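Undergrad: Coordinates in input-v2.cif, mmCIF, C-alpha atoms, are listed below.
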```
data_final
loop_
_atom_site.label_atom_id
_atom_site.label_comp_id
_atom_site.auth_asym_id
_atom_site.auth_seq_id
_atom_site.Cartn_x
_atom_site.Cartn_y
_atom_site.Cartn_z
CA MET A 1 75.71 -177.72 11.85
CA PHE A 2 76.14 -177.09 15.45
CA LEU A 3 79.22 -175.25 14.55
CA LEU A 4 77.42 -172.99 12.20
CA ALA A 5 74.79 -172.21 14.76
CA ALA A 6 77.45 -171.45 17.34
CA GLU A 7 79.22 -169.11 15.00
CA GLY A 8 76.11 -167.12 14.36
CA GLY A 9 76.23 -165.84 17.91
CA GLU A 10 73.53 -167.89 19.28
CA SER A 11 74.12 -169.93 22.33
CA GLU A 12 73.52 -173.52 22.21
CA HIS A 13 70.16 -174.50 23.54
CA ASN A 14 69.26 -177.83 25.14
CA PRO A 15 65.98 -179.11 23.57
CA ILE A 16 64.87 -180.78 26.81
CA ILE A 17 64.85 -177.58 28.85
CA PRO A 18 62.26 -175.05 27.67
CA ILE A 19 62.93 -171.38 27.14
CA TRP A 20 61.95 -169.29 30.18
CA GLN A 21 60.00 -166.72 28.14
CA GLU A 22 57.78 -169.44 26.74
CA ILE A 23 57.11 -170.72 30.25
CA VAL A 24 56.04 -167.24 31.39
CA VAL A 25 53.82 -166.64 28.35
CA GLY A 26 52.30 -170.14 28.68
CA THR A 27 51.62 -169.66 32.38
CA VAL A 28 49.97 -166.25 31.83
CA ALA A 29 47.86 -167.63 28.98
CA PHE A 30 46.86 -170.65 31.11
CA ALA A 31 45.95 -168.34 34.04
CA VAL A 32 43.81 -166.12 31.76
CA LEU A 33 42.11 -169.18 30.28
CA CYS A 34 41.42 -170.63 33.76
CA PHE A 35 40.08 -167.27 34.95
CA VAL A 36 37.70 -166.95 31.97
CA LEU A 37 36.54 -170.56 32.37
CA MET A 38 35.97 -170.21 36.12
CA LYS A 39 34.36 -166.80 35.92
CA PHE A 40 32.03 -167.25 32.94
CA VAL A 41 31.90 -170.78 31.54
CA PHE A 42 31.80 -173.02 34.65
CA PRO A 43 28.98 -171.04 36.41
CA ARG A 44 26.96 -171.14 33.20
CA MET A 45 27.54 -174.86 32.86
CA GLU A 46 26.60 -175.33 36.55
CA GLN A 47 23.34 -173.41 36.00
CA THR A 48 22.53 -175.49 32.94
CA PHE A 49 23.39 -178.68 34.79
CA GLN A 50 21.27 -177.63 37.82
CA ALA A 51 18.36 -176.70 35.55
CA ARG A 52 18.49 -180.14 33.95
CA VAL A 53 18.71 -181.82 37.36
CA ASP A 54 15.72 -179.78 38.58
CA ALA A 55 13.79 -180.59 35.42
CA ILE A 56 14.51 -184.30 35.75
CA GLU A 57 13.79 -184.38 39.49
CA GLY A 58 10.65 -182.27 38.98
CA GLY A 59 9.55 -184.60 36.21
CA ILE A 60 10.12 -187.59 38.47
CA LYS A 61 8.20 -185.90 41.30
CA ARG A 62 5.37 -184.99 38.93
CA ALA A 63 5.34 -188.54 37.61
CA GLU A 64 5.26 -189.93 41.15
CA ALA A 65 2.44 -187.51 42.06
CA ALA A 66 0.54 -188.48 38.92
CA GLN A 67 1.11 -192.16 39.72
CA ALA A 68 -0.13 -191.67 43.29
CA GLU A 69 -3.19 -189.80 42.02
CA ALA A 70 -3.84 -192.52 39.43
CA ASN A 71 -3.56 -195.19 42.14
CA GLN A 72 -5.95 -193.23 44.35
CA LEU A 73 -8.45 -192.87 41.49
CA LEU A 74 -8.08 -196.55 40.71
CA GLU A 75 -8.90 -197.43 44.33
CA GLN A 76 -11.89 -195.06 44.24
CA TYR A 77 -13.13 -196.67 41.02
CA ARG A 78 -12.68 -200.12 42.50
CA ALA A 79 -14.60 -199.08 45.60
CA GLN A 80 -17.36 -197.57 43.46
CA LEU A 81 -17.45 -200.68 41.31
CA ALA A 82 -17.73 -202.90 44.38
CA GLU A 83 -20.48 -200.65 45.74
CA ALA A 84 -22.27 -200.74 42.39
CA ARG A 85 -22.05 -204.53 42.34
CA THR A 86 -23.42 -204.68 45.87
CA ASP A 87 -26.25 -202.32 44.92
CA ALA A 88 -27.00 -204.33 41.79
CA ALA A 89 -27.14 -207.55 43.81
CA LYS A 90 -29.45 -205.88 46.36
CA ILE A 91 -31.71 -204.54 43.59
CA ARG A 92 -31.76 -207.98 41.95
CA ASP A 93 -32.64 -209.64 45.28
CA ASP A 94 -35.33 -207.03 45.96
CA ALA A 95 -36.77 -207.58 42.49
CA ARG A 96 -36.83 -211.34 43.06
CA ALA A 97 -38.53 -210.84 46.42
CA ASP A 98 -41.05 -208.45 44.85
CA ALA A 99 -41.71 -210.91 42.03
CA GLU A 100 -42.23 -213.73 44.53
CA GLY A 101 -44.59 -211.52 46.56
CA ILE A 102 -46.56 -210.62 43.43
CA ARG A 103 -46.66 -214.29 42.45
CA GLN A 104 -47.96 -215.26 45.89
CA ASP A 105 -50.58 -212.46 45.73
CA ILE A 106 -51.72 -213.61 42.31
CA LEU A 107 -51.90 -217.23 43.47
CA ALA A 108 -53.86 -216.22 46.57
CA LYS A 109 -56.29 -214.16 44.48
CA ALA A 110 -56.65 -217.03 42.02
CA ARG A 111 -57.37 -219.44 44.88
CA GLU A 112 -59.91 -217.03 46.35
CA GLU A 113 -61.57 -216.61 42.96
CA SER A 114 -61.54 -220.38 42.43
CA ASP A 115 -63.03 -220.96 45.88
CA ARG A 116 -65.66 -218.28 45.20
CA VAL A 117 -66.57 -219.83 41.83
CA ILE A 118 -66.71 -223.32 43.36
CA GLN A 119 -68.89 -222.08 46.23
CA ALA A 120 -71.17 -220.23 43.79
CA GLY A 121 -71.43 -223.44 41.75
CA LYS A 122 -72.22 -225.48 44.88
CA ASP A 123 -74.83 -222.94 45.93
CA ALA A 124 -76.36 -222.97 42.44
CA LEU A 125 -76.36 -226.80 42.42
CA ALA A 126 -77.95 -226.91 45.87
CA GLY A 127 -80.64 -224.47 44.75
CA GLU A 128 -81.33 -226.41 41.57
CA ARG A 129 -81.37 -229.66 43.51
CA ALA A 130 -83.88 -228.25 45.94
CA THR A 131 -86.00 -227.00 43.03
CA ILE A 132 -85.77 -230.35 41.26
CA VAL A 133 -86.60 -232.22 44.48
CA ARG A 134 -89.67 -229.99 44.99
CA GLU A 135 -90.80 -230.52 41.41
CA LEU A 136 -90.15 -234.26 41.64
CA ARG A 137 -92.05 -234.51 44.94
CA ALA A 138 -95.02 -232.80 43.43
CA GLU A 139 -94.85 -234.96 40.34
CA VAL A 140 -94.15 -238.18 42.24
CA GLY A 141 -96.99 -237.28 44.59
CA THR A 142 -99.40 -236.80 41.72
CA ILE A 143 -98.28 -240.01 40.04
CA ALA A 144 -98.46 -241.92 43.34
CA VAL A 145 -101.97 -240.65 44.07
CA ASP A 146 -103.11 -241.54 40.57
CA LEU A 147 -101.64 -245.02 40.91
CA ALA A 148 -103.05 -245.47 44.38
CA SER A 149 -106.43 -244.32 43.11
CA LYS A 150 -106.34 -246.88 40.37
CA ILE A 151 -105.21 -249.62 42.76
CA VAL A 152 -107.60 -248.79 45.57
CA GLY A 153 -110.36 -247.90 43.24
CA GLU A 154 -111.44 -244.79 45.02
CA SER A 155 -110.63 -241.19 44.40
CA LEU A 156 -108.13 -239.58 46.66
CA ALA A 157 -109.26 -236.12 45.78
CA ASP A 158 -108.74 -234.59 49.13
CA GLU A 159 -105.66 -232.44 48.61
CA ALA A 160 -104.58 -232.23 52.24
CA ARG A 161 -104.86 -235.93 52.69
CA ARG A 162 -103.11 -236.61 49.44
CA LYS A 163 -100.25 -234.24 50.32
CA GLY A 164 -99.78 -235.91 53.72
CA THR A 165 -99.78 -239.36 52.16
CA VAL A 166 -97.25 -238.36 49.53
CA ASP A 167 -95.00 -236.66 52.07
CA ARG A 168 -95.02 -239.75 54.27
CA PHE A 169 -94.23 -241.93 51.33
CA LEU A 170 -91.31 -239.75 50.20
CA SER A 171 -89.95 -239.47 53.75
CA GLY A 172 -90.02 -243.22 53.98
CA LEU A 173 -88.12 -243.44 50.70
CA GLU A 174 -85.54 -240.93 51.89
CA SER A 175 -85.01 -242.74 55.18
CA THR A 176 -84.51 -246.09 53.44
CA GLY A 177 -82.24 -244.42 50.85
CA ALA A 178 -80.18 -242.75 53.59
CA ARG A 179 -79.38 -246.10 55.24
#
```
So that I can check it, write out the structure of this file as structure tokens.
TA:
Amino acid sequence: MFLLAAEGGESEHNPIIPIWQEIVVGTVAFAVLCFVLMKFVFPRMEQTFQARVDAIEGGIKRAEAAQAEANQLLEQYRAQLAEARTDAAKIRDDARADAEGIRQDILAKAREESDRVIQAGKDALAGERATIVRELRAEVGTIAVDLASKIVGESLADEARRKGTVDRFLSGLESTGAR
């Protein structure tokens, strides 16, 4: 076969060494392809890549800012909650103190009212006792005079004398009763 190819006027070509025209055409095509890629495609890809990087970094920065704001709000809420608990404890303590004060006031008023009622009762008893003692003196005096009249046999009609006798008798009873 090689002989037939050599007879046809073609020179014998080594398959390992490429044809120079193909090398030139391949180099020009590669240069045009590299030029188009570097001029149009790579800058576009770089812009897209940079936009994605910016979006990701911006998202991370926004997330960090949101996290910092959330942490700040959480600290504010915790501070407000602690303040509210402190206020609630103070209000509860104030209410207990007020309740104790009201209780003490009510007890003091009840004691005063009790003392007033007891004193009024004592005063009423003393007045009634005095009235009863007066009535009993008069009655005892009359009974004593009547008995003395019956024993002595004479009338003790003189009122002044009778009253003096009765008073002396009752005073003597009181002094012996007081011992």
Undergrad: Grab the CA of Ala70 (chain A) to CA of Ala89 (chain A) distance for me, in Å with one decimal place.
TA: 28.1 Å
Undergrad: What is the CA of Val117 (chain A) to CA of Arg103 (chain A) distance in Å?
TA: 20.7 Å
Undergrad: Output the residue selection produced by the PyMOL selection byres ((chain A and resi 137) around 12) on the file above, formatted as a PDB file with C-alpha atoms, in the coordinates of the input.
TA:
```pdb
ATOM      1  CA  ARG A 129     -81.370-229.660  43.510  1.00  0.00           C
ATOM      2  CA  ALA A 130     -83.880-228.250  45.940  1.00  0.00           C
ATOM      3  CA  THR A 131     -86.000-227.000  43.030  1.00  0.00           C
ATOM      4  CA  ILE A 132     -85.770-230.350  41.260  1.00  0.00           C
ATOM      5  CA  VAL A 133     -86.600-232.220  44.480  1.00  0.00           C
ATOM      6  CA  ARG A 134     -89.670-229.990  44.990  1.00  0.00           C
ATOM      7  CA  GLU A 135     -90.800-230.520  41.410  1.00  0.00           C
ATOM      8  CA  LEU A 136     -90.150-234.260  41.640  1.00  0.00           C
ATOM      9  CA  ALA A 138     -95.020-232.800  43.430  1.00  0.00           C
ATOM     10  CA  GLU A 139     -94.850-234.960  40.340  1.00  0.00           C
ATOM     11  CA  VAL A 140     -94.150-238.180  42.240  1.00  0.00           C
ATOM     12  CA  GLY A 141     -96.990-237.280  44.590  1.00  0.00           C
ATOM     13  CA  THR A 142     -99.400-236.800  41.720  1.00  0.00           C
ATOM     14  CA  ILE A 143     -98.280-240.010  40.040  1.00  0.00           C
ATOM     15  CA  ALA A 144     -98.460-241.920  43.340  1.00  0.00           C
ATOM     16  CA  VAL A 145    -101.970-240.650  44.070  1.00  0.00           C
ATOM     17  CA  LYS A 163    -100.250-234.240  50.320  1.00  0.00           C
ATOM     18  CA  GLY A 164     -99.780-235.910  53.720  1.00  0.00           C
ATOM     19  CA  THR A 165     -99.780-239.360  52.160  1.00  0.00           C
ATOM     20  CA  VAL A 166     -97.250-238.360  49.530  1.00  0.00           C
ATOM     21  CA  ASP A 167     -95.000-236.660  52.070  1.00  0.00           C
ATOM     22  CA  ARG A 168     -95.020-239.750  54.270  1.00  0.00           C
ATOM     23  CA  PHE A 169     -94.230-241.930  51.330  1.00  0.00           C
ATOM     24  CA  LEU A 170     -91.310-239.750  50.200  1.00  0.00           C
ATOM     25  CA  SER A 171     -89.950-239.470  53.750  1.00  0.00           C
ATOM     26  CA  LEU A 173     -88.120-243.440  50.700  1.00  0.00           C
ATOM     27  CA  GLU A 174     -85.540-240.930  51.890  1.00  0.00           C
TER      28      GLU A 174
END
```
Undergrad: In Å, how far is it from CA of Thr86 (chain A) to CA of Glu69 (chain A)?
TA: 25.4 Å
Undergrad: If you keep N, CA and C atoms, can you output region 94-121 of chain A as a PDB file, in the first residue's frame?
TA:
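Written out: result_7.pdb:
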```
ATOM      1  N   ASP A  94     -44.256  46.231  99.979  1.00  0.00           N
ATOM      2  CA  ASP A  94     -45.035  47.402 100.380  1.00  0.00           C
ATOM      3  C   ASP A  94     -46.457  47.003 100.757  1.00  0.00           C
ATOM      4  N   ALA A  95     -47.035  46.097  99.974  1.00  0.00           N
ATOM      5  CA  ALA A  95     -48.402  45.651 100.267  1.00  0.00           C
ATOM      6  C   ALA A  95     -48.448  44.915 101.611  1.00  0.00           C
ATOM      7  N   ARG A  96     -47.432  44.092 101.853  1.00  0.00           N
ATOM      8  CA  ARG A  96     -47.387  43.397 103.153  1.00  0.00           C
ATOM      9  C   ARG A  96     -47.238  44.397 104.300  1.00  0.00           C
ATOM     10  N   ALA A  97     -46.382  45.396 104.102  1.00  0.00           N
ATOM     11  CA  ALA A  97     -46.195  46.406 105.143  1.00  0.00           C
ATOM     12  C   ALA A  97     -47.487  47.190 105.353  1.00  0.00           C
ATOM     13  N   ASP A  98     -48.157  47.550 104.258  1.00  0.00           N
ATOM     14  CA  ASP A  98     -49.432  48.267 104.372  1.00  0.00           C
ATOM     15  C   ASP A  98     -50.472  47.406 105.084  1.00  0.00           C
ATOM     16  N   ALA A  99     -50.518  46.121 104.732  1.00  0.00           N
ATOM     17  CA  ALA A  99     -51.479  45.219 105.374  1.00  0.00           C
ATOM     18  C   ALA A  99     -51.185  45.103 106.867  1.00  0.00           C
ATOM     19  N   GLU A 100     -49.904  45.011 107.220  1.00  0.00           N
ATOM     20  CA  GLU A 100     -49.539  44.926 108.639  1.00  0.00           C
ATOM     21  C   GLU A 100     -49.912  46.222 109.363  1.00  0.00           C
ATOM     22  N   GLY A 101     -49.674  47.358 108.699  1.00  0.00           N
ATOM     23  CA  GLY A 101     -50.051  48.642 109.299  1.00  0.00           C
ATOM     24  C   GLY A 101     -51.554  48.742 109.502  1.00  0.00           C
ATOM     25  N   ILE A 102     -52.320  48.317 108.506  1.00  0.00           N
ATOM     26  CA  ILE A 102     -53.782  48.334 108.623  1.00  0.00           C
ATOM     27  C   ILE A 102     -54.222  47.396 109.740  1.00  0.00           C
ATOM     28  N   ARG A 103     -53.587  46.220 109.806  1.00  0.00           N
ATOM     29  CA  ARG A 103     -53.918  45.259 110.863  1.00  0.00           C
ATOM     30  C   ARG A 103     -53.654  45.865 112.239  1.00  0.00           C
ATOM     31  N   GLN A 104     -52.484  46.515 112.387  1.00  0.00           N
ATOM     32  CA  GLN A 104     -52.152  47.136 113.670  1.00  0.00           C
ATOM     33  C   GLN A 104     -53.138  48.250 114.009  1.00  0.00           C
ATOM     34  N   ASP A 105     -53.525  49.053 112.988  1.00  0.00           N
ATOM     35  CA  ASP A 105     -54.509  50.123 113.220  1.00  0.00           C
ATOM     36  C   ASP A 105     -55.842  49.545 113.676  1.00  0.00           C
ATOM     37  N   ILE A 106     -56.260  48.470 113.000  1.00  0.00           N
ATOM     38  CA  ILE A 106     -57.545  47.856 113.366  1.00  0.00           C
ATOM     39  C   ILE A 106     -57.467  47.278 114.771  1.00  0.00           C
ATOM     40  N   LEU A 107     -56.345  46.616 115.100  1.00  0.00           N
ATOM     41  CA  LEU A 107     -56.202  46.079 116.460  1.00  0.00           C
ATOM     42  C   LEU A 107     -56.182  47.196 117.501  1.00  0.00           C
ATOM     43  N   ALA A 108     -55.504  48.292 117.194  1.00  0.00           N
ATOM     44  CA  ALA A 108     -55.459  49.413 118.140  1.00  0.00           C
ATOM     45  C   ALA A 108     -56.850  50.007 118.330  1.00  0.00           C
ATOM     46  N   LYS A 109     -57.586  50.163 117.225  1.00  0.00           N
ATOM     47  CA  LYS A 109     -58.958  50.701 117.339  1.00  0.00           C
ATOM     48  C   LYS A 109     -59.848  49.739 118.105  1.00  0.00           C
ATOM     49  N   ALA A 110     -59.665  48.442 117.879  1.00  0.00           N
ATOM     50  CA  ALA A 110     -60.472  47.454 118.601  1.00  0.00           C
ATOM     51  C   ALA A 110     -60.148  47.490 120.091  1.00  0.00           C
ATOM     52  N   ARG A 111     -58.849  47.632 120.413  1.00  0.00           N
ATOM     53  CA  ARG A 111     -58.475  47.731 121.832  1.00  0.00           C
ATOM     54  C   ARG A 111     -59.069  48.989 122.462  1.00  0.00           C
ATOM     55  N   GLU A 112     -58.978  50.102 121.728  1.00  0.00           N
ATOM     56  CA  GLU A 112     -59.541  51.350 122.248  1.00  0.00           C
ATOM     57  C   GLU A 112     -61.040  51.214 122.470  1.00  0.00           C
ATOM     58  N   GLU A 113     -61.727  50.610 121.496  1.00  0.00           N
ATOM     59  CA  GLU A 113     -63.175  50.426 121.619  1.00  0.00           C
ATOM     60  C   GLU A 113     -63.486  49.490 122.782  1.00  0.00           C
ATOM     61  N   SER A 114     -62.685  48.418 122.921  1.00  0.00           N
ATOM     62  CA  SER A 114     -62.880  47.488 124.022  1.00  0.00           C
ATOM     63  C   SER A 114     -62.656  48.191 125.364  1.00  0.00           C
ATOM     64  N   ASP A 115     -61.572  48.969 125.440  1.00  0.00           N
ATOM     65  CA  ASP A 115     -61.307  49.708 126.675  1.00  0.00           C
ATOM     66  C   ASP A 115     -62.431  50.700 126.979  1.00  0.00           C
ATOM     67  N   ARG A 116     -62.935  51.352 125.932  1.00  0.00           N
ATOM     68  CA  ARG A 116     -64.020  52.320 126.119  1.00  0.00           C
ATOM     69  C   ARG A 116     -65.283  51.608 126.614  1.00  0.00           C
ATOM     70  N   VAL A 117     -65.594  50.451 126.009  1.00  0.00           N
ATOM     71  CA  VAL A 117     -66.788  49.709 126.419  1.00  0.00           C
ATOM     72  C   VAL A 117     -66.622  49.214 127.856  1.00  0.00           C
ATOM     73  N   ILE A 118     -65.425  48.703 128.177  1.00  0.00           N
ATOM     74  CA  ILE A 118     -65.180  48.221 129.545  1.00  0.00           C
ATOM     75  C   ILE A 118     -65.305  49.363 130.543  1.00  0.00           C
ATOM     76  N   GLN A 119     -64.716  50.519 130.205  1.00  0.00           N
ATOM     77  CA  GLN A 119     -64.797  51.676 131.105  1.00  0.00           C
ATOM     78  C   GLN A 119     -66.237  52.141 131.258  1.00  0.00           C
ATOM     79  N   ALA A 120     -66.986  52.152 130.137  1.00  0.00           N
ATOM     80  CA  ALA A 120     -68.399  52.550 130.229  1.00  0.00           C
ATOM     81  C   ALA A 120     -69.162  51.568 131.113  1.00  0.00           C
ATOM     82  N   GLY A 121     -68.844  50.264 130.975  1.00  0.00           N
ATOM     83  CA  GLY A 121     -69.492  49.265 131.828  1.00  0.00           C
ATOM     84  C   GLY A 121     -69.131  49.461 133.293  1.00  0.00           C
TER      85      GLY A 121
END
```
